[in-house]
Amino acid sequence: MDTSVSAYNENTHVESDQALPITISGLTKRYGSLYALNSVDLEIRSGEFLTLLGPSGSGKTTLLMAIAGFNRPDSGSIRFGDSEMILMPPHQRNVGMVFQSYALFPHMSVAQNIAFPLKLRGVKAAERLSRVNEALETVQLSGLGDRTIDQLSGGQRQRVALARAFVFRPRILLMDEPLSALDKKLRERMQIELKQLHRQLGVTTVYVTHDQREALTMSDRIAVINDGLLMQVDTPEIIYNQPVNAFVADFIGESAMLPLTHTTNGILEFGGQEIVQTPVSGTDRTWSMVIRPERLEIADKQAVPNESLIVFDGVVRESVFQGESAFVLLELSDGTELSLRAGGGTDSRAQRLQPGEQIKISMQRHDVIVIPAGQE
Amino acid sequence: MMVAKSENAVATSSAHTSGASAPGDRSGHELHAKELKQQQRREQWSLLSLALPGALIVFFVIVIPVSWLFFLSFLGSDGEPTLQHYRKMIEYKSYARTFSTTFQVSLFTTLICIAIGYPLAYFLAQLPARWAGIFMLAVLLPFWTSLLVRTYAWLVLLQRKGILNDFAMQIGLWDSPVKLVHNMTGTLIGMAHIMLPFLVLPLYSAMRKIERDLMHAASNLGASPARAFWHIYMPLSISGMVAGSLIVFILCLGFYVTPAVLGGGKVIMVSTQITAILENQFNWGAASALGVVLLIATLLLLFVAARVFKFDAALFGKG
Ligand SMILES: Nc1ncnc2c1ncn2[C@@H]1O[C@H](COP(=O)(O)OP(=O)(O)OP(=O)(O)O)[C@@H](O)[C@H]1O
Ligand SMILES: [Mg+2]
């Protein structure tokens with residue numbers, strides 16, 4: 001099946017009035033003294049693909065379950081469009097959901113599984129059949145309708161779960177780590193397929209993952225969550241390039257954090273080198289600088305800082321060849337560890353580095369990311 | 001798609017092996033083929049030897065005595081081969097009544113057990129594992145006291161001046177003592193109490209295996225709690241229910257003590273009649289014939305039921 005990526009059936013109509021925005025405000029869920037959700041405010045736009053991203057135990061599933069109606073929050077509001085849902089039982093919410101375990105009914109065939117929500121809605125047998133076939137075609141499982149669930153591979157089960165979740169044309173689609181059980185290759189292909197399916201169905205989608213790469217590739221926007229608190233909600237580019245705090249910077253992408261010190265004239269410096277103007281709000285707090293490995297370059301021996309360039313001195317600790325790139329682990333003069341990623345073709349210097357070697361590294365001044373120090 | 005892939009893998013790997021030993025010849029001298037086959041056979045034999053003690057016990061304790069009974073049932077009191085025992089069973093109405101009573105008691109006991117046991121097992125399956133263990137202990141507790149003791153305890157509870165009648169009259173449920181024992185009612189109460197764990201255990205274990213996500217999925221797809229139960233929970237727990245019901249029903253068929261004590265001579269089961277025949281007439285032939293007919297009737301019933309309810313899986317372990 002090598003045409004998989006682009007072969008989605010284009011007949012399915014995109015009904016734009018199908019998608020609904022979700023407005024969550026002040027949502028709190030406690031387990032004992034633990035806040036699984038701590039006064040979460042989140043606006044999910046109509047038709048967007050929003051990813052909930054956070055470490056294990058951060059409250060992603062709890063939030064998704066609250067939207068689907070499987071747990072009872074302590075307080076807050078969840079609105080779909082203009083209707084308040086917080087008291088609505090799950091079977092009346094009309095949201096599609098793909099479970100992490102897929103939750104396919106083992107006593108039903110593939111087709112019966114997909115037909116189940118239609119049957120519950122009283123769809124006539126003939127239309128049911130055609131819609132099941134259409135859904136099977138959309139997830140590229142045509143002809144497998146008569147199989148039982150245990151005759152399917154992991155990837156096929158995932159598709160059945162997906163087909164079952166959208167066959168009744170819900171206005172909202174929820175997915176809880178639907179790809180975590182798949183191997184890397186299949187997972188990457190399914191990411192693209194899910195994204196295409198989303199474009200085709202145009203349904204408001206909330207996707208849960210703790211894989212930051214997955215979040216970056218798939219989402220219109222990412223909501224980073226930690227300990228039940230929303231950290232930042234924004235597009236993948238902004239989340240990556242302008243993290244608002246140390247947690248987000250650390251969780252998304254690889255990064256090193258350099259502590260900055262205030263100078264008397266309102267500038268932040270590191271190791272005696274001026275980095276940036278102190279942000280207006282922050283003269284009385286400490287700041288750090290986020291450094292992404294791919295933003296660093298190996299500089300000439302005689303390189304000096306100027307208005308567009310920042311230069312550090314470092315000692316090579318380790319240099320690892322990784323095929324398409326080289327990865328260099330460095331130690332700065334103050335003992336901070338930094339890593340640097342250099343594209344193999346463009347920077348062949350990186351591949352010849354020996355441990356212990358003294359080098360200069362540089363980065364563009366406009367790539368500097370400054371965040372409040374410490375985890376908030 | 002996955003199938004095609006794995007076939008592919010098999011094809012390449014076997015091509016590889018034969019390529020290494022004898023190119024082009026796939027049937028002949030595969031590497032270690034003989035040794036691998038021998039190893040497999042050795043493993044099969046050692047597995048079989050594990051079953052040997054059990055098989056021997058079954059042979060000596062079940063196969064031989066049952067065959068012996070079968071043989072006896074065709075012998076008259078004079079030691080000559082005869083069909084008289086079976087003929088009598090057809091001629092005398094009392095035998096037919098005994099069989100009908102036996103099957104009725106078994107059926108009603110099973111139904112009562114399902115009615116009480118299904119909600120109980122459901123309740124247990126919803127509890128956190130630790131609490132379920134404690135409650136399960138309570139269900140199993142009666143198993144640790146003697147059957148006879150429990151049966152007589154029911155007699156005390158249910159008799160005319162027993163605790164139950166006293167209590168019911170005190171709170172005004174009824175005015176004069178109701179006959180709760182020495183009849184079918186008493187028998188069924190006692191039997192259901194004794195049989196309940198046999199139904200609850202397999203049912204509980206089947207229910208525990210139903211993932212919570214499945215019920216969530218059902219309601220997410222639009223099923224009200226009642227419909228989710230009917231379409232998902234019921235079908236997935238039915239195997240446990242069938243297994244439990246079969247155990248209860250079959251155990252009931254051969255039950256002796258409880259109907260004898262609580263039935264007060266009015267509930268004549270096959271086992272009761274066999275005892276009577278042996279005690280009064282010392283007629284091994286007639287007693288054996290009853291046993292044989294009960295056995296055959298039970299097997300026949302199981303066979304038909306398996307066909308009708310398609311629970312071969314529960315019987316033969318496919319599910
Ligand atoms: N039923 C429960 N009882 C008690 N605590 C719970 C319960 N469900 C979740 N929690 C706690 O709430 C917190 C958030 O859990 P949640 O399942 O939402 O995490 P998650 O972000 O989905 O994590 P993961 O990536 O591991 O799935 C965790 O600390 C968890 O231990
Ligand atoms: Mg989770």
# chains A, B, ... in the order shown; residues from 1 in each chain; ligands from 1

call {"tool": "interface_residues", "arguments": {"of": "chain A", "to": "chain B", "cutoff": "7 Å", "atoms": "only C-alpha atoms", "output": "compact mmCIF listing (two decimals) with all heavy atoms, in the first residue's frame"}}
result
# COMPACT_ATOMS: atom_id res chain seq x y z
N MET A 1 0.83 -1.20 0.00
CA MET A 1 0.00 0.00 0.00
C MET A 1 0.86 1.24 0.00
O MET A 1 1.09 1.87 1.02
CB MET A 1 -0.88 -0.02 1.25
CG MET A 1 -2.34 0.02 0.89
SD MET A 1 -3.30 0.08 2.37
CE MET A 1 -4.37 -1.30 2.12
N PRO A 90 -22.44 11.60 28.78
CA PRO A 90 -21.56 11.40 27.62
C PRO A 90 -22.29 10.97 26.35
O PRO A 90 -21.92 11.38 25.26
CB PRO A 90 -20.58 10.32 28.08
CG PRO A 90 -21.11 9.79 29.35
CD PRO A 90 -21.99 10.83 29.94
N HIS A 91 -23.34 10.15 26.49
CA HIS A 91 -23.95 9.63 25.28
C HIS A 91 -24.77 10.68 24.53
O HIS A 91 -25.24 10.44 23.43
CB HIS A 91 -24.77 8.37 25.57
CG HIS A 91 -25.98 8.61 26.42
ND1 HIS A 91 -25.93 8.66 27.79
CD2 HIS A 91 -27.28 8.78 26.09
CE1 HIS A 91 -27.13 8.87 28.26
NE2 HIS A 91 -27.97 8.95 27.26
N GLN A 92 -24.93 11.86 25.16
CA GLN A 92 -25.67 12.91 24.45
C GLN A 92 -24.75 14.02 23.94
O GLN A 92 -25.21 15.00 23.40
CB GLN A 92 -26.72 13.50 25.39
CG GLN A 92 -27.86 12.54 25.64
CD GLN A 92 -28.77 12.98 26.76
OE1 GLN A 92 -28.61 14.06 27.32
NE2 GLN A 92 -29.73 12.14 27.11
N ASN A 94 -22.32 13.76 21.65
CA ASN A 94 -22.07 13.67 20.22
C ASN A 94 -20.65 14.09 19.82
O ASN A 94 -20.46 14.82 18.87
CB ASN A 94 -23.10 14.52 19.46
CG ASN A 94 -23.41 13.94 18.10
OD1 ASN A 94 -23.38 12.71 17.95
ND2 ASN A 94 -23.66 14.77 17.12
N VAL A 95 -19.67 13.57 20.58
CA VAL A 95 -18.29 13.78 20.17
C VAL A 95 -17.71 12.41 19.82
O VAL A 95 -18.05 11.41 20.43
CB VAL A 95 -17.43 14.42 21.29
CG1 VAL A 95 -17.97 15.77 21.66
CG2 VAL A 95 -17.37 13.51 22.50
N GLY A 96 -16.88 12.38 18.79
CA GLY A 96 -16.22 11.13 18.45
C GLY A 96 -14.95 11.01 19.26
O GLY A 96 -14.32 12.01 19.57
N MET A 97 -14.61 9.78 19.64
CA MET A 97 -13.39 9.64 20.43
C MET A 97 -12.61 8.41 20.01
O MET A 97 -13.18 7.34 19.83
CB MET A 97 -13.76 9.55 21.91
CG MET A 97 -12.57 9.26 22.79
SD MET A 97 -12.63 10.19 24.32
CE MET A 97 -11.10 9.67 25.07
N ALA A 103 -10.43 0.46 22.21
CA ALA A 103 -11.76 0.11 22.73
C ALA A 103 -12.70 -0.38 21.64
O ALA A 103 -13.87 -0.01 21.59
CB ALA A 103 -12.38 1.29 23.48
N LEU A 104 -12.21 -1.24 20.77
CA LEU A 104 -13.09 -1.85 19.77
C LEU A 104 -13.84 -3.00 20.42
O LEU A 104 -13.30 -3.69 21.28
CB LEU A 104 -12.25 -2.36 18.59
CG LEU A 104 -11.50 -1.26 17.84
CD1 LEU A 104 -10.55 -1.86 16.82
CD2 LEU A 104 -12.49 -0.32 17.16
N PHE A 105 -15.09 -3.20 20.01
CA PHE A 105 -15.90 -4.23 20.64
C PHE A 105 -15.50 -5.60 20.10
O PHE A 105 -15.67 -5.88 18.91
CB PHE A 105 -17.38 -3.96 20.39
CG PHE A 105 -17.80 -2.59 20.83
CD1 PHE A 105 -18.49 -1.75 19.98
CD2 PHE A 105 -17.48 -2.13 22.11
CE1 PHE A 105 -18.86 -0.48 20.39
CE2 PHE A 105 -17.85 -0.87 22.53
CZ PHE A 105 -18.54 -0.04 21.66
N PRO A 117 -22.52 3.18 16.13
CA PRO A 117 -23.09 4.51 16.42
C PRO A 117 -24.24 4.87 15.47
O PRO A 117 -25.15 5.59 15.86
CB PRO A 117 -21.90 5.47 16.23
CG PRO A 117 -20.90 4.72 15.45
CD PRO A 117 -21.09 3.27 15.79
N LEU A 120 -27.37 3.07 16.71
CA LEU A 120 -27.92 3.76 17.87
C LEU A 120 -28.70 5.00 17.47
O LEU A 120 -29.63 5.41 18.15
CB LEU A 120 -26.80 4.17 18.83
CG LEU A 120 -26.10 3.04 19.55
CD1 LEU A 120 -24.88 3.56 20.29
CD2 LEU A 120 -27.04 2.34 20.53
N SER A 153 -4.20 -6.07 12.41
CA SER A 153 -2.93 -5.61 12.97
C SER A 153 -3.18 -4.33 13.78
O SER A 153 -4.27 -3.75 13.71
CB SER A 153 -1.97 -5.31 11.84
OG SER A 153 -2.38 -4.14 11.17

call {"tool": "closest_atom_pairs", "arguments": {"of": "chain A", "to": "ligand 1", "cutoff": "10 Å", "atoms": "only C-alpha atoms and all ligand atoms", "output": "JSON lines"}}
result
{"residue": "A:Lys29", "atom": "CA", "partner": "ligand 1", "partner_atom_place_in_ligand_line": "12 (O)", "distance": 8.6}
{"residue": "A:Arg30", "atom": "CA", "partner": "ligand 1", "partner_atom_place_in_ligand_line": "12 (O)", "distance": 7.8}
{"residue": "A:Tyr31", "atom": "CA", "partner": "ligand 1", "partner_atom_place_in_ligand_line": "4 (C)", "distance": 5.0}
{"residue": "A:Gly32", "atom": "CA", "partner": "ligand 1", "partner_atom_place_in_ligand_line": "4 (C)", "distance": 7.4}
{"residue": "A:Ser33", "atom": "CA", "partner": "ligand 1", "partner_atom_place_in_ligand_line": "5 (N)", "distance": 9.6}
{"residue": "A:Leu34", "atom": "CA", "partner": "ligand 1", "partner_atom_place_in_ligand_line": "12 (O)", "distance": 7.1}
{"residue": "A:Tyr35", "atom": "CA", "partner": "ligand 1", "partner_atom_place_in_ligand_line": "12 (O)", "distance": 7.1}
{"residue": "A:Ala36", "atom": "CA", "partner": "ligand 1", "partner_atom_place_in_ligand_line": "12 (O)", "distance": 4.4}
{"residue": "A:Leu37", "atom": "CA", "partner": "ligand 1", "partner_atom_place_in_ligand_line": "14 (C)", "distance": 7.5}
{"residue": "A:Leu52", "atom": "CA", "partner": "ligand 1", "partner_atom_place_in_ligand_line": "21 (O)", "distance": 8.7}
{"residue": "A:Leu53", "atom": "CA", "partner": "ligand 1", "partner_atom_place_in_ligand_line": "21 (O)", "distance": 8.1}
{"residue": "A:Gly54", "atom": "CA", "partner": "ligand 1", "partner_atom_place_in_ligand_line": "21 (O)", "distance": 6.2}
{"residue": "A:Pro55", "atom": "CA", "partner": "ligand 1", "partner_atom_place_in_ligand_line": "25 (O)", "distance": 5.7}
{"residue": "A:Ser56", "atom": "CA", "partner": "ligand 1", "partner_atom_place_in_ligand_line": "25 (O)", "distance": 3.5}
{"residue": "A:Gly57", "atom": "CA", "partner": "ligand 1", "partner_atom_place_in_ligand_line": "19 (O)", "distance": 3.4}
{"residue": "A:Ser58", "atom": "CA", "partner": "ligand 1", "partner_atom_place_in_ligand_line": "21 (O)", "distance": 3.9}
{"residue": "A:Gly59", "atom": "CA", "partner": "ligand 1", "partner_atom_place_in_ligand_line": "18 (O)", "distance": 3.1}
{"residue": "A:Lys60", "atom": "CA", "partner": "ligand 1", "partner_atom_place_in_ligand_line": "21 (O)", "distance": 3.7}
{"residue": "A:Thr61", "atom": "CA", "partner": "ligand 1", "partner_atom_place_in_ligand_line": "22 (O)", "distance": 3.6}
{"residue": "A:Thr62", "atom": "CA", "partner": "ligand 1", "partner_atom_place_in_ligand_line": "18 (O)", "distance": 3.7}
{"residue": "A:Leu63", "atom": "CA", "partner": "ligand 1", "partner_atom_place_in_ligand_line": "18 (O)", "distance": 6.5}
{"residue": "A:Leu64", "atom": "CA", "partner": "ligand 1", "partner_atom_place_in_ligand_line": "18 (O)", "distance": 8.0}
{"residue": "A:Met65", "atom": "CA", "partner": "ligand 1", "partner_atom_place_in_ligand_line": "18 (O)", "distance": 8.3}
{"residue": "A:Ala66", "atom": "CA", "partner": "ligand 1", "partner_atom_place_in_ligand_line": "18 (O)", "distance": 9.8}
{"residue": "A:Asn71", "atom": "CA", "partner": "ligand 1", "partner_atom_place_in_ligand_line": "1 (N)", "distance": 8.8}
{"residue": "A:Gln100", "atom": "CA", "partner": "ligand 1", "partner_atom_place_in_ligand_line": "27 (O)", "distance": 8.9}
{"residue": "A:Asp176", "atom": "CA", "partner": "ligand 1", "partner_atom_place_in_ligand_line": "22 (O)", "distance": 8.1}
{"residue": "A:Glu177", "atom": "CA", "partner": "ligand 1", "partner_atom_place_in_ligand_line": "27 (O)", "distance": 7.9}
{"residue": "A:Val208", "atom": "CA", "partner": "ligand 1", "partner_atom_place_in_ligand_line": "22 (O)", "distance": 8.0}
{"residue": "A:Thr209", "atom": "CA", "partner": "ligand 1", "partner_atom_place_in_ligand_line": "25 (O)", "distance": 7.0}
{"residue": "A:His210", "atom": "CA", "partner": "ligand 1", "partner_atom_place_in_ligand_line": "25 (O)", "distance": 5.8}
{"residue": "A:Asp211", "atom": "CA", "partner": "ligand 1", "partner_atom_place_in_ligand_line": "25 (O)", "distance": 9.3}
{"residue": "A:Ile225", "atom": "CA", "partner": "ligand 1", "partner_atom_place_in_ligand_line": "21 (O)", "distance": 8.1}
{"residue": "A:Asn226", "atom": "CA", "partner": "ligand 1", "partner_atom_place_in_ligand_line": "21 (O)", "distance": 8.0}
{"residue": "A:Asp227", "atom": "CA", "partner": "ligand 1", "partner_atom_place_in_ligand_line": "14 (C)", "distance": 7.4}
{"residue": "A:Gly228", "atom": "CA", "partner": "ligand 1", "partner_atom_place_in_ligand_line": "14 (C)", "distance": 7.0}

call {"tool": "select_by_dssp", "arguments": {"residues": "region 25-269 of chain B", "states": "helix (DSSP H, G or I)", "output": "PyMOL selection string"}}
result
chain B and resi 33-72+84-91+93-126+129-144+147-158+163-170+184-208+212-220+225-253+257-262

call {"tool": "residues_around", "arguments": {"residues": "Ser219 (chain A)", "least_positions_apart": "2", "cutoff": "9 Å", "atoms": "only C-alpha atoms", "output": "list of chain:residue names"}}
result
A:Glu48, A:Phe49, A:Leu50, A:Thr51, A:Lys195, A:Tyr207, A:Glu214, A:Ala215, A:Leu216, A:Thr217, A:Arg221, A:Ile222, A:Thr235, A:Pro236

call {"tool": "write_last_selection", "arguments": {"atoms": "C-alpha atoms", "output": "PDB file, in the first residue's frame"}}
result
ATOM      1  CA  GLU A  48      -8.790  23.444  14.317  1.00  0.00           C
ATOM      2  CA  PHE A  49      -6.398  20.648  15.210  1.00  0.00           C
ATOM      3  CA  LEU A  50      -5.323  21.331  18.768  1.00  0.00           C
ATOM      4  CA  THR A  51      -2.822  19.116  20.531  1.00  0.00           C
ATOM      5  CA  LYS A 195      -3.704  15.283   9.413  1.00  0.00           C
ATOM      6  CA  TYR A 207      -5.396  15.367  20.080  1.00  0.00           C
ATOM      7  CA  GLU A 214       4.205  14.489  16.931  1.00  0.00           C
ATOM      8  CA  ALA A 215       2.671  17.645  18.360  1.00  0.00           C
ATOM      9  CA  LEU A 216       4.901  19.892  16.275  1.00  0.00           C
ATOM     10  CA  THR A 217       4.182  18.096  12.988  1.00  0.00           C
ATOM     11  CA  ARG A 221      -1.997  24.912  17.805  1.00  0.00           C
ATOM     12  CA  ILE A 222      -0.416  23.214  20.783  1.00  0.00           C
ATOM     13  CA  THR A 235       1.132  27.616  17.098  1.00  0.00           C
ATOM     14  CA  PRO A 236       3.981  25.094  16.892  1.00  0.00           C
TER      15      PRO A 236
END

call {"tool": "atom_distance", "arguments": {"atom1": "CA of Phe198 (chain B)", "atom2": "CA of Ile112 (chain B)"}}
result
12.7 Å

call {"tool": "atom_distance", "arguments": {"atom1": "CA of Tyr118 (chain B)", "atom2": "CA of Leu203 (chain B)"}}
result
7.4 Å

call {"tool": "residues_around", "arguments": {"residues": "Ala129 (chain B)", "least_positions_apart": "6", "cutoff": "12 Å", "atoms": "only C-alpha atoms", "output": "JSON, numbers by chain"}}
result
{"B": [123, 135, 136, 204, 205, 208]}

call {"tool": "write_last_selection", "arguments": {"atoms": "N, CA and C atoms", "output": "PDB file, in the first residue's frame"}}
result
ATOM      1  N   PHE B 123     -21.704  -6.028  40.572  1.00  0.00           N
ATOM      2  CA  PHE B 123     -21.294  -5.160  41.671  1.00  0.00           C
ATOM      3  C   PHE B 123     -19.828  -5.409  42.033  1.00  0.00           C
ATOM      4  N   PHE B 135     -15.118  -8.736  49.454  1.00  0.00           N
ATOM      5  CA  PHE B 135     -16.505  -9.172  49.248  1.00  0.00           C
ATOM      6  C   PHE B 135     -16.561 -10.598  48.713  1.00  0.00           C
ATOM      7  N   MET B 136     -15.588 -10.918  47.861  1.00  0.00           N
ATOM      8  CA  MET B 136     -15.557 -12.262  47.298  1.00  0.00           C
ATOM      9  C   MET B 136     -15.375 -13.289  48.410  1.00  0.00           C
ATOM     10  N   TYR B 204     -17.920 -13.465  37.541  1.00  0.00           N
ATOM     11  CA  TYR B 204     -17.083 -12.355  38.000  1.00  0.00           C
ATOM     12  C   TYR B 204     -15.801 -12.271  37.178  1.00  0.00           C
ATOM     13  N   SER B 205     -15.174 -13.416  36.924  1.00  0.00           N
ATOM     14  CA  SER B 205     -13.899 -13.356  36.206  1.00  0.00           C
ATOM     15  C   SER B 205     -14.123 -12.912  34.762  1.00  0.00           C
ATOM     16  N   ARG B 208     -14.655  -9.081  34.977  1.00  0.00           N
ATOM     17  CA  ARG B 208     -13.414  -8.357  35.262  1.00  0.00           C
ATOM     18  C   ARG B 208     -12.636  -8.109  33.980  1.00  0.00           C
TER      19      ARG B 208
END

call {"tool": "residues_around", "arguments": {"residues": "region 290-299 of chain B", "least_positions_apart": "3", "cutoff": "12 Å", "atoms": "only C-alpha atoms", "output": "MDAnalysis selection string"}}
result
chainID B and resid 65:74 85:90 95:96 98:100 102:103 106 246:247 249:254 269:278 283:287 302:306

call {"tool": "decode", "arguments": {"residues": "region 247-267 of chain B", "atoms": "N, CA and C atoms", "output": "PDB file, in the first residue's frame"}}
result
ATOM      1  N   ILE B 247     -22.237 -25.216  35.272  1.00  0.00           N
ATOM      2  CA  ILE B 247     -21.702 -25.842  36.479  1.00  0.00           C
ATOM      3  C   ILE B 247     -22.829 -26.038  37.488  1.00  0.00           C
ATOM      4  N   VAL B 248     -23.602 -24.970  37.713  1.00  0.00           N
ATOM      5  CA  VAL B 248     -24.683 -25.045  38.694  1.00  0.00           C
ATOM      6  C   VAL B 248     -25.693 -26.118  38.293  1.00  0.00           C
ATOM      7  N   PHE B 249     -26.114 -26.061  37.045  1.00  0.00           N
ATOM      8  CA  PHE B 249     -27.147 -26.988  36.596  1.00  0.00           C
ATOM      9  C   PHE B 249     -26.695 -28.438  36.762  1.00  0.00           C
ATOM     10  N   ILE B 250     -25.481 -28.726  36.339  1.00  0.00           N
ATOM     11  CA  ILE B 250     -25.001 -30.103  36.380  1.00  0.00           C
ATOM     12  C   ILE B 250     -24.785 -30.578  37.808  1.00  0.00           C
ATOM     13  N   LEU B 251     -24.256 -29.683  38.650  1.00  0.00           N
ATOM     14  CA  LEU B 251     -24.100 -30.061  40.057  1.00  0.00           C
ATOM     15  C   LEU B 251     -25.458 -30.358  40.686  1.00  0.00           C
ATOM     16  N   CYS B 252     -26.466 -29.553  40.327  1.00  0.00           N
ATOM     17  CA  CYS B 252     -27.809 -29.732  40.890  1.00  0.00           C
ATOM     18  C   CYS B 252     -28.380 -31.096  40.533  1.00  0.00           C
ATOM     19  N   LEU B 253     -28.126 -31.530  39.305  1.00  0.00           N
ATOM     20  CA  LEU B 253     -28.712 -32.793  38.848  1.00  0.00           C
ATOM     21  C   LEU B 253     -28.374 -33.941  39.781  1.00  0.00           C
ATOM     22  N   GLY B 254     -27.173 -33.938  40.330  1.00  0.00           N
ATOM     23  CA  GLY B 254     -26.768 -35.054  41.176  1.00  0.00           C
ATOM     24  C   GLY B 254     -26.868 -34.764  42.657  1.00  0.00           C
ATOM     25  N   PHE B 255     -27.518 -33.648  43.024  1.00  0.00           N
ATOM     26  CA  PHE B 255     -27.530 -33.258  44.428  1.00  0.00           C
ATOM     27  C   PHE B 255     -28.386 -34.179  45.279  1.00  0.00           C
ATOM     28  N   TYR B 256     -27.916 -34.413  46.531  1.00  0.00           N
ATOM     29  CA  TYR B 256     -28.640 -35.366  47.359  1.00  0.00           C
ATOM     30  C   TYR B 256     -29.060 -34.763  48.703  1.00  0.00           C
ATOM     31  N   VAL B 257     -28.093 -34.266  49.456  1.00  0.00           N
ATOM     32  CA  VAL B 257     -28.344 -33.897  50.852  1.00  0.00           C
ATOM     33  C   VAL B 257     -29.446 -32.845  50.981  1.00  0.00           C
ATOM     34  N   THR B 258     -29.284 -31.730  50.272  1.00  0.00           N
ATOM     35  CA  THR B 258     -30.195 -30.604  50.470  1.00  0.00           C
ATOM     36  C   THR B 258     -31.647 -30.938  50.119  1.00  0.00           C
ATOM     37  N   PRO B 259     -31.922 -31.540  48.958  1.00  0.00           N
ATOM     38  CA  PRO B 259     -33.321 -31.901  48.671  1.00  0.00           C
ATOM     39  C   PRO B 259     -33.855 -32.909  49.682  1.00  0.00           C
ATOM     40  N   ALA B 260     -32.978 -33.809  50.133  1.00  0.00           N
ATOM     41  CA  ALA B 260     -33.450 -34.822  51.078  1.00  0.00           C
ATOM     42  C   ALA B 260     -33.852 -34.178  52.395  1.00  0.00           C
ATOM     43  N   VAL B 261     -33.062 -33.216  52.882  1.00  0.00           N
ATOM     44  CA  VAL B 261     -33.340 -32.602  54.185  1.00  0.00           C
ATOM     45  C   VAL B 261     -34.433 -31.536  54.074  1.00  0.00           C
ATOM     46  N   LEU B 262     -34.276 -30.616  53.120  1.00  0.00           N
ATOM     47  CA  LEU B 262     -35.204 -29.488  53.035  1.00  0.00           C
ATOM     48  C   LEU B 262     -36.471 -29.834  52.251  1.00  0.00           C
ATOM     49  N   GLY B 263     -36.415 -30.901  51.469  1.00  0.00           N
ATOM     50  CA  GLY B 263     -37.590 -31.287  50.694  1.00  0.00           C
ATOM     51  C   GLY B 263     -38.583 -32.085  51.519  1.00  0.00           C
ATOM     52  N   GLY B 264     -38.116 -32.612  52.658  1.00  0.00           N
ATOM     53  CA  GLY B 264     -38.994 -33.339  53.553  1.00  0.00           C
ATOM     54  C   GLY B 264     -39.703 -34.503  52.884  1.00  0.00           C
ATOM     55  N   GLY B 265     -39.021 -35.177  51.977  1.00  0.00           N
ATOM     56  CA  GLY B 265     -39.599 -36.356  51.334  1.00  0.00           C
ATOM     57  C   GLY B 265     -40.544 -36.026  50.201  1.00  0.00           C
ATOM     58  N   LYS B 266     -40.758 -34.757  49.966  1.00  0.00           N
ATOM     59  CA  LYS B 266     -41.680 -34.407  48.887  1.00  0.00           C
ATOM     60  C   LYS B 266     -40.948 -34.118  47.579  1.00  0.00           C
ATOM     61  N   VAL B 267     -39.676 -33.771  47.693  1.00  0.00           N
ATOM     62  CA  VAL B 267     -38.910 -33.485  46.491  1.00  0.00           C
ATOM     63  C   VAL B 267     -37.989 -34.667  46.210  1.00  0.00           C
TER      64      VAL B 267
END
